[in-house]
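A short write-up of the structure that comes next.
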Amino acid sequence: MELKKLSKDFYQQKCLTVARGLIGKILVRIKSNKIYSGIIVETEAYLGEKDPAAHSFIGKTKRNEVMFGEGGFSYVYFTYGNHYCFNVVTEKSGTAHAVLVRAVEPLLGIEEMKKNRGTDYIYNLTNGPGKLAQAFEINKVLNGADLNGREIFIVENERKDYKISKSKRIGISKNTEKLYRFYAKDNIFVSKYFIKKLAA
DNA sequence: TTGCGGATGGACT
DNA sequence: GTCCATCCGCAAC
């Protein structure tokens with residue numbers, strides 16, 4: 001596997017471009033002697049002050065201040081009392097745009113992920129933002145981390161033939177009509193996959 | 001298939 | 001002090 005980290009230029013593109021572009025890339029998390037990695041198969045874009053669903057819509061607070069920095073950093077927030085979610089800050093400083101990484105297809109560290117998640121079922125390790133964070137040991141320590149650093153980063157994938165679909169975002173109550181969610185078509189590691197299958 | 005509890009922190013009154 | 005948040009798991013229906 002080629003370990004070429006995505007450049008700052010990549011992250012500072014338009015938020016929707018980054019959200020789409022991240023599909024198929026590989027998220028890597030290094031924690032002491034452990035390494036976790038997975039192919040990003042689902043993302044959502046949050047467009048700052050133009051987007052009532054974005055955390056940054058209300059303006060800068062201590063919680064969301066990382067979003068207001070420049071693209072290429074990690075924004076990790078805690079929600080519902082027990083879940084962390086991992087976002088990638090995009091665009092230029094002050095725009096407060098970010099991409100939520102919602103699901104990955106596990107590659108390395110799968111045994112460790114099973115321990116972290118308390119399940120042996122591989123399709124239930126990383127198919128949701130809270131689950132992914134738990135599996136990858138992502139927590140608020142990584143809020144503000146440089147994605148060009150050592151602890152968490154995203155690398156190129158030699159395979160690039162992913163078909164990308166768009167849809168409405170999940171788990172929000174405002175600005176729900178926008179098609180800001182991107183996912184790898186027919187990929188079984190996407191969140192809500194089985195629920196959709198059951199409903200179909 | 002629905003609905004709610006978990007358990008924390010920030011915004012706002 | 002109150003409200004509710006980019007969610008998840010599981011009990012009960």
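Just remember, in the structure tokens the first chain shown is A, the second B, etc., residues are 1-based per chain, and ligands are 1-based in the order shown.
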
Residues of chain C within 12 Å of chain A, only C-alpha atoms (C1' of nucleotides) counted, as a PDB file with N, CA, C and O atoms (P, O5', C5', C4', C3', O3' and C1' of nucleotides), in the first residue's frame:
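Contents of part-v9.pdb, as written:
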```
ATOM      1  P    DC C   4     -35.468  20.829  23.407  1.00  0.00           P
ATOM      2  O5'  DC C   4     -34.164  20.302  22.660  1.00  0.00           O
ATOM      3  C5'  DC C   4     -33.302  21.220  22.005  1.00  0.00           C
ATOM      4  C4'  DC C   4     -31.977  20.536  21.771  1.00  0.00           C
ATOM      5  C3'  DC C   4     -32.148  19.090  21.259  1.00  0.00           C
ATOM      6  O3'  DC C   4     -31.101  18.777  20.375  1.00  0.00           O
ATOM      7  C1'  DC C   4     -30.802  19.081  23.091  1.00  0.00           C
ATOM      8  P    DA C   5     -31.486  18.595  18.779  1.00  0.00           P
ATOM      9  O5'  DA C   5     -30.022  18.508  18.125  1.00  0.00           O
ATOM     10  C5'  DA C   5     -29.148  19.602  18.231  1.00  0.00           C
ATOM     11  C4'  DA C   5     -27.764  19.113  18.622  1.00  0.00           C
ATOM     12  C3'  DA C   5     -27.247  17.905  17.815  1.00  0.00           C
ATOM     13  O3'  DA C   5     -25.871  18.117  17.539  1.00  0.00           O
ATOM     14  C1'  DA C   5     -27.095  17.450  20.106  1.00  0.00           C
ATOM     15  P    DT C   6     -25.370  18.326  16.102  1.00  0.00           P
ATOM     16  O5'  DT C   6     -25.359  16.926  15.329  1.00  0.00           O
ATOM     17  C5'  DT C   6     -26.516  16.438  14.647  1.00  0.00           C
ATOM     18  C4'  DT C   6     -26.139  15.339  13.660  1.00  0.00           C
ATOM     19  C3'  DT C   6     -25.340  14.184  14.259  1.00  0.00           C
ATOM     20  O3'  DT C   6     -25.596  12.980  13.495  1.00  0.00           O
ATOM     21  C1'  DT C   6     -24.020  15.296  12.672  1.00  0.00           C
ATOM     22  P    DC C   7     -26.600  11.913  14.307  1.00  0.00           P
ATOM     23  O5'  DC C   7     -25.613  11.372  15.457  1.00  0.00           O
ATOM     24  C5'  DC C   7     -24.409  10.724  15.204  1.00  0.00           C
ATOM     25  C4'  DC C   7     -24.273   9.462  16.035  1.00  0.00           C
ATOM     26  C3'  DC C   7     -24.788   8.208  15.343  1.00  0.00           C
ATOM     27  O3'  DC C   7     -23.792   7.203  15.462  1.00  0.00           O
ATOM     28  C1'  DC C   7     -25.757   8.393  17.490  1.00  0.00           C
ATOM     29  P    DC C   8     -23.978   5.775  14.892  1.00  0.00           P
ATOM     30  O5'  DC C   8     -24.381   4.959  16.190  1.00  0.00           O
ATOM     31  C5'  DC C   8     -23.410   4.807  17.200  1.00  0.00           C
ATOM     32  C4'  DC C   8     -23.891   3.823  18.226  1.00  0.00           C
ATOM     33  C3'  DC C   8     -24.344   2.487  17.639  1.00  0.00           C
ATOM     34  O3'  DC C   8     -23.754   1.477  18.417  1.00  0.00           O
ATOM     35  C1'  DC C   8     -26.065   3.427  18.982  1.00  0.00           C
ATOM     36  P    DG C   9     -23.896  -0.055  18.054  1.00  0.00           P
ATOM     37  O5'  DG C   9     -24.881  -0.563  19.198  1.00  0.00           O
ATOM     38  C5'  DG C   9     -24.495  -0.353  20.556  1.00  0.00           C
ATOM     39  C4'  DG C   9     -25.609  -0.802  21.447  1.00  0.00           C
ATOM     40  C3'  DG C   9     -26.139  -2.202  21.105  1.00  0.00           C
ATOM     41  O3'  DG C   9     -26.276  -2.896  22.315  1.00  0.00           O
ATOM     42  C1'  DG C   9     -27.905  -0.624  21.059  1.00  0.00           C
TER      43       DG C   9
END
```

Original post:
Would you give me, as JSON, numbers by chain, the residues in range 32-63 of chain A that DSSP reads as helix (DSSP H, G or I)?
Top reply: {"A": [48, 49, 50, 55, 56, 57, 58]}

Check which residues of chain B sit at most 8 Å from chain A using only C-alpha atoms (C1' of nucleotides), and return one row each with the closest pair of atoms and their distance in Å to one decimal, ordered by chain and rising number, as a Markdown table.
```
| residue | atom | partner | partner_atom | distance |
| --- | --- | --- | --- | --- |
| B:DG6 | C1' | A:Gly81 | CA | 7.0 |
| B:DA7 | C1' | A:Gly81 | CA | 4.6 |
| B:DT8 | C1' | A:Gly81 | CA | 4.2 |
| B:DG10 | C1' | A:Arg63 | CA | 7.1 |
```

DSSP on the backbone, strand (DSSP E or B) only: what residues of range 94-176 of chain A does that give? Format it as a list of chain:residue names.
A:His97, A:Ala98, A:Val99, A:Leu100, A:Val101, A:Arg102, A:Ala103, A:Val104, A:Glu105, A:Pro106, A:Leu107, A:Leu108, A:Asp146, A:Ile152, A:Phe153, A:Ile154, A:Val155, A:Ile164, A:Ser165, A:Lys166, A:Ser167

Do a neighbour search on DC3 in chain C at 12 Å with only C-alpha atoms (C1' of nucleotides), toss out local chain neighbours closer than 6 positions, and write the hits as a ChimeraX atom specification. /B:9-13

Just to be explicit: take each residue in the selection above, keep N, CA and C atoms (P, O5', C5', C4', C3', O3' and C1' of nucleotides), and write the result as a PDB file, in the first residue's frame.
```
ATOM      1  P    DG B   9     -17.944  16.162  29.950  1.00  0.00           P
ATOM      2  O5'  DG B   9     -18.462  17.342  29.009  1.00  0.00           O
ATOM      3  C5'  DG B   9     -18.420  17.137  27.608  1.00  0.00           C
ATOM      4  C4'  DG B   9     -19.069  18.317  26.930  1.00  0.00           C
ATOM      5  C3'  DG B   9     -18.767  19.650  27.586  1.00  0.00           C
ATOM      6  O3'  DG B   9     -18.643  20.595  26.553  1.00  0.00           O
ATOM      7  C1'  DG B   9     -21.075  19.335  27.543  1.00  0.00           C
ATOM      8  P    DG B  10     -17.722  21.839  26.696  1.00  0.00           P
ATOM      9  O5'  DG B  10     -18.494  22.876  25.789  1.00  0.00           O
ATOM     10  C5'  DG B  10     -18.909  22.474  24.504  1.00  0.00           C
ATOM     11  C4'  DG B  10     -20.189  23.179  24.157  1.00  0.00           C
ATOM     12  C3'  DG B  10     -20.152  24.671  24.508  1.00  0.00           C
ATOM     13  O3'  DG B  10     -20.608  25.355  23.375  1.00  0.00           O
ATOM     14  C1'  DG B  10     -22.068  23.654  25.445  1.00  0.00           C
ATOM     15  P    DA B  11     -20.541  26.936  23.294  1.00  0.00           P
ATOM     16  O5'  DA B  11     -22.091  27.309  23.223  1.00  0.00           O
ATOM     17  C5'  DA B  11     -22.892  26.669  22.239  1.00  0.00           C
ATOM     18  C4'  DA B  11     -24.347  27.058  22.410  1.00  0.00           C
ATOM     19  C3'  DA B  11     -24.552  28.555  22.671  1.00  0.00           C
ATOM     20  O3'  DA B  11     -25.682  28.970  21.928  1.00  0.00           O
ATOM     21  C1'  DA B  11     -25.483  27.286  24.456  1.00  0.00           C
ATOM     22  P    DC B  12     -26.013  30.511  21.761  1.00  0.00           P
ATOM     23  O5'  DC B  12     -27.228  30.732  22.763  1.00  0.00           O
ATOM     24  C5'  DC B  12     -28.350  29.842  22.720  1.00  0.00           C
ATOM     25  C4'  DC B  12     -29.097  29.935  24.018  1.00  0.00           C
ATOM     26  C3'  DC B  12     -29.285  31.379  24.526  1.00  0.00           C
ATOM     27  O3'  DC B  12     -30.667  31.685  24.539  1.00  0.00           O
ATOM     28  C1'  DC B  12     -28.728  29.871  26.271  1.00  0.00           C
ATOM     29  P    DT B  13     -31.220  33.152  25.033  1.00  0.00           P
ATOM     30  O5'  DT B  13     -31.872  32.812  26.438  1.00  0.00           O
ATOM     31  C5'  DT B  13     -32.753  31.691  26.542  1.00  0.00           C
ATOM     32  C4'  DT B  13     -33.346  31.611  27.951  1.00  0.00           C
ATOM     33  C3'  DT B  13     -33.631  32.978  28.581  1.00  0.00           C
ATOM     34  O3'  DT B  13     -34.928  32.976  29.149  1.00  0.00           O
ATOM     35  C1'  DT B  13     -32.255  31.687  30.020  1.00  0.00           C
TER      36       DT B  13
END
```

Worksheet item: Contacts of Leu47 in chain A at 8 Å or less, counting only C-alpha atoms (C1' of nucleotides), minus same-chain residues fewer than 5 places along, as a ChimeraX atom specification?
Response: /A:15,54,96-98

Now that the selection is made, can you save its residues with N, CA, C and O atoms as an mmCIF file, in the first residue's frame?
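The file below, out_24.cif, is the result:
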```
data_model
loop_
_atom_site.group_PDB
_atom_site.id
_atom_site.type_symbol
_atom_site.label_atom_id
_atom_site.label_comp_id
_atom_site.auth_asym_id
_atom_site.auth_seq_id
_atom_site.Cartn_x
_atom_site.Cartn_y
_atom_site.Cartn_z
ATOM 1 N N CYS A 15 -15.666 22.300 -0.011
ATOM 2 C CA CYS A 15 -16.077 21.266 0.929
ATOM 3 C C CYS A 15 -16.739 20.074 0.235
ATOM 4 O O CYS A 15 -16.438 18.918 0.525
ATOM 5 N N ALA A 54 -24.922 22.676 10.136
ATOM 6 C CA ALA A 54 -23.515 22.641 10.561
ATOM 7 C C ALA A 54 -23.358 23.176 11.975
ATOM 8 O O ALA A 54 -24.068 24.101 12.377
ATOM 9 N N ALA A 96 -15.219 27.695 8.042
ATOM 10 C CA ALA A 96 -15.865 26.767 8.983
ATOM 11 C C ALA A 96 -16.642 25.662 8.286
ATOM 12 O O ALA A 96 -17.711 25.269 8.730
ATOM 13 N N HIS A 97 -16.100 25.173 7.189
ATOM 14 C CA HIS A 97 -16.677 24.032 6.489
ATOM 15 C C HIS A 97 -15.972 22.769 6.958
ATOM 16 O O HIS A 97 -14.780 22.793 7.248
ATOM 17 N N ALA A 98 -16.719 21.653 6.985
ATOM 18 C CA ALA A 98 -16.099 20.396 7.398
ATOM 19 C C ALA A 98 -16.825 19.217 6.765
ATOM 20 O O ALA A 98 -17.969 19.326 6.338
#
```

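Counting only C-alpha atoms (C1' of nucleotides), DA11 in chain C has the following residues at most 12 Å away, ignoring those fewer than 2 positions along the same chain: DT2, DG3, DC4 and DG5 of chain B; DG9 and DC13 of chain C.
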
Written file, previous selection with N, CA, C and O atoms (P, O5', C5', C4', C3', O3' and C1' of nucleotides), as a tab-separated table (two decimals), in the first residue's frame:
```tsv
chain	number	residue	atom	x	y	z
B	2	DT	P	-41.30	1.52	11.84
B	2	DT	O5'	-41.35	1.96	13.36
B	2	DT	C5'	-42.50	1.60	14.11
B	2	DT	C4'	-42.19	1.74	15.57
B	2	DT	C3'	-41.69	3.14	15.95
B	2	DT	O3'	-42.63	3.64	16.88
B	2	DT	C1'	-40.39	1.43	16.97
B	3	DG	P	-42.65	5.06	17.52
B	3	DG	O5'	-41.79	4.87	18.85
B	3	DG	C5'	-42.20	3.90	19.80
B	3	DG	C4'	-41.22	3.89	20.93
B	3	DG	C3'	-40.71	5.29	21.29
B	3	DG	O3'	-40.56	5.34	22.68
B	3	DG	C1'	-38.87	3.91	20.78
B	4	DC	P	-40.82	6.66	23.52
B	4	DC	O5'	-39.74	6.50	24.66
B	4	DC	C5'	-39.62	5.25	25.31
B	4	DC	C4'	-38.16	4.95	25.57
B	4	DC	C3'	-37.39	6.16	26.13
B	4	DC	O3'	-36.65	5.71	27.22
B	4	DC	C1'	-36.19	5.17	24.41
B	5	DG	P	-36.68	6.51	28.59
B	5	DG	O5'	-35.40	5.89	29.30
B	5	DG	C5'	-35.13	4.50	29.22
B	5	DG	C4'	-33.63	4.28	29.16
B	5	DG	C3'	-32.82	5.33	29.93
B	5	DG	O3'	-31.79	4.64	30.61
B	5	DG	C1'	-32.12	5.31	27.66
C	9	DG	P	-23.90	-0.05	18.05
C	9	DG	O5'	-24.88	-0.56	19.20
C	9	DG	C5'	-24.50	-0.35	20.56
C	9	DG	C4'	-25.61	-0.80	21.45
C	9	DG	C3'	-26.14	-2.20	21.10
C	9	DG	O3'	-26.28	-2.90	22.31
C	9	DG	C1'	-27.91	-0.62	21.06
C	13	DC	P	-44.33	-4.20	26.04
C	13	DC	O5'	-44.86	-3.83	24.59
C	13	DC	C5'	-44.56	-2.58	24.02
C	13	DC	C4'	-44.73	-2.65	22.52
C	13	DC	C3'	-45.96	-3.46	22.08
C	13	DC	O3'	-46.89	-2.58	21.46
C	13	DC	C1'	-44.04	-3.94	20.74
```

Computed interatomic separation between CA of Asp161 in chain A and CA of Ser7 in chain A (Å):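 Between CA of Asp161 in chain A and CA of Ser7 in chain A the gap works out to 20.9 Å.
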
Would you mind reading off the distance between CA of Gly59 in chain A and CA of Lys166 in chain A, one decimal, in Å?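 About the pair CA of Gly59 in chain A and CA of Lys166 in chain A: they are 27.5 Å apart.
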
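Within 8 Å of Ile26 in chain A, once only C-alpha atoms (C1' of nucleotides) are used and residues closer than 5 positions along the same chain are dropped, the contacting residues are A:Ser37, A:Gly38, A:Ile39, A:Ile40, A:Ile154, A:Val155, A:Glu156, A:Asn157.
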
Take the residues just selected and output them with N, CA and C atoms as a PDB file, in the first residue's frame.
```pdb
ATOM      1  N   SER A  37      -6.700   1.068  10.057  1.00  0.00           N
ATOM      2  CA  SER A  37      -6.949   1.758   8.800  1.00  0.00           C
ATOM      3  C   SER A  37      -8.225   1.232   8.163  1.00  0.00           C
ATOM      4  N   GLY A  38      -8.778   2.033   7.271  1.00  0.00           N
ATOM      5  CA  GLY A  38     -10.002   1.639   6.590  1.00  0.00           C
ATOM      6  C   GLY A  38     -10.267   2.554   5.405  1.00  0.00           C
ATOM      7  N   ILE A  39     -10.958   2.004   4.410  1.00  0.00           N
ATOM      8  CA  ILE A  39     -11.319   2.778   3.224  1.00  0.00           C
ATOM      9  C   ILE A  39     -12.564   3.607   3.531  1.00  0.00           C
ATOM     10  N   ILE A  40     -12.484   4.892   3.289  1.00  0.00           N
ATOM     11  CA  ILE A  40     -13.631   5.763   3.532  1.00  0.00           C
ATOM     12  C   ILE A  40     -14.718   5.470   2.501  1.00  0.00           C
ATOM     13  N   ILE A 154      -4.921  10.713   6.343  1.00  0.00           N
ATOM     14  CA  ILE A 154      -5.620  10.036   5.248  1.00  0.00           C
ATOM     15  C   ILE A 154      -4.661   9.905   4.074  1.00  0.00           C
ATOM     16  N   VAL A 155      -4.631   8.722   3.470  1.00  0.00           N
ATOM     17  CA  VAL A 155      -3.690   8.486   2.372  1.00  0.00           C
ATOM     18  C   VAL A 155      -4.423   8.109   1.090  1.00  0.00           C
ATOM     19  N   GLU A 156      -3.689   8.236  -0.019  1.00  0.00           N
ATOM     20  CA  GLU A 156      -4.205   7.856  -1.334  1.00  0.00           C
ATOM     21  C   GLU A 156      -4.466   6.352  -1.381  1.00  0.00           C
ATOM     22  N   ASN A 157      -5.352   5.971  -2.282  1.00  0.00           N
ATOM     23  CA  ASN A 157      -5.637   4.571  -2.511  1.00  0.00           C
ATOM     24  C   ASN A 157      -5.351   4.294  -3.985  1.00  0.00           C
TER      25      ASN A 157
END
```
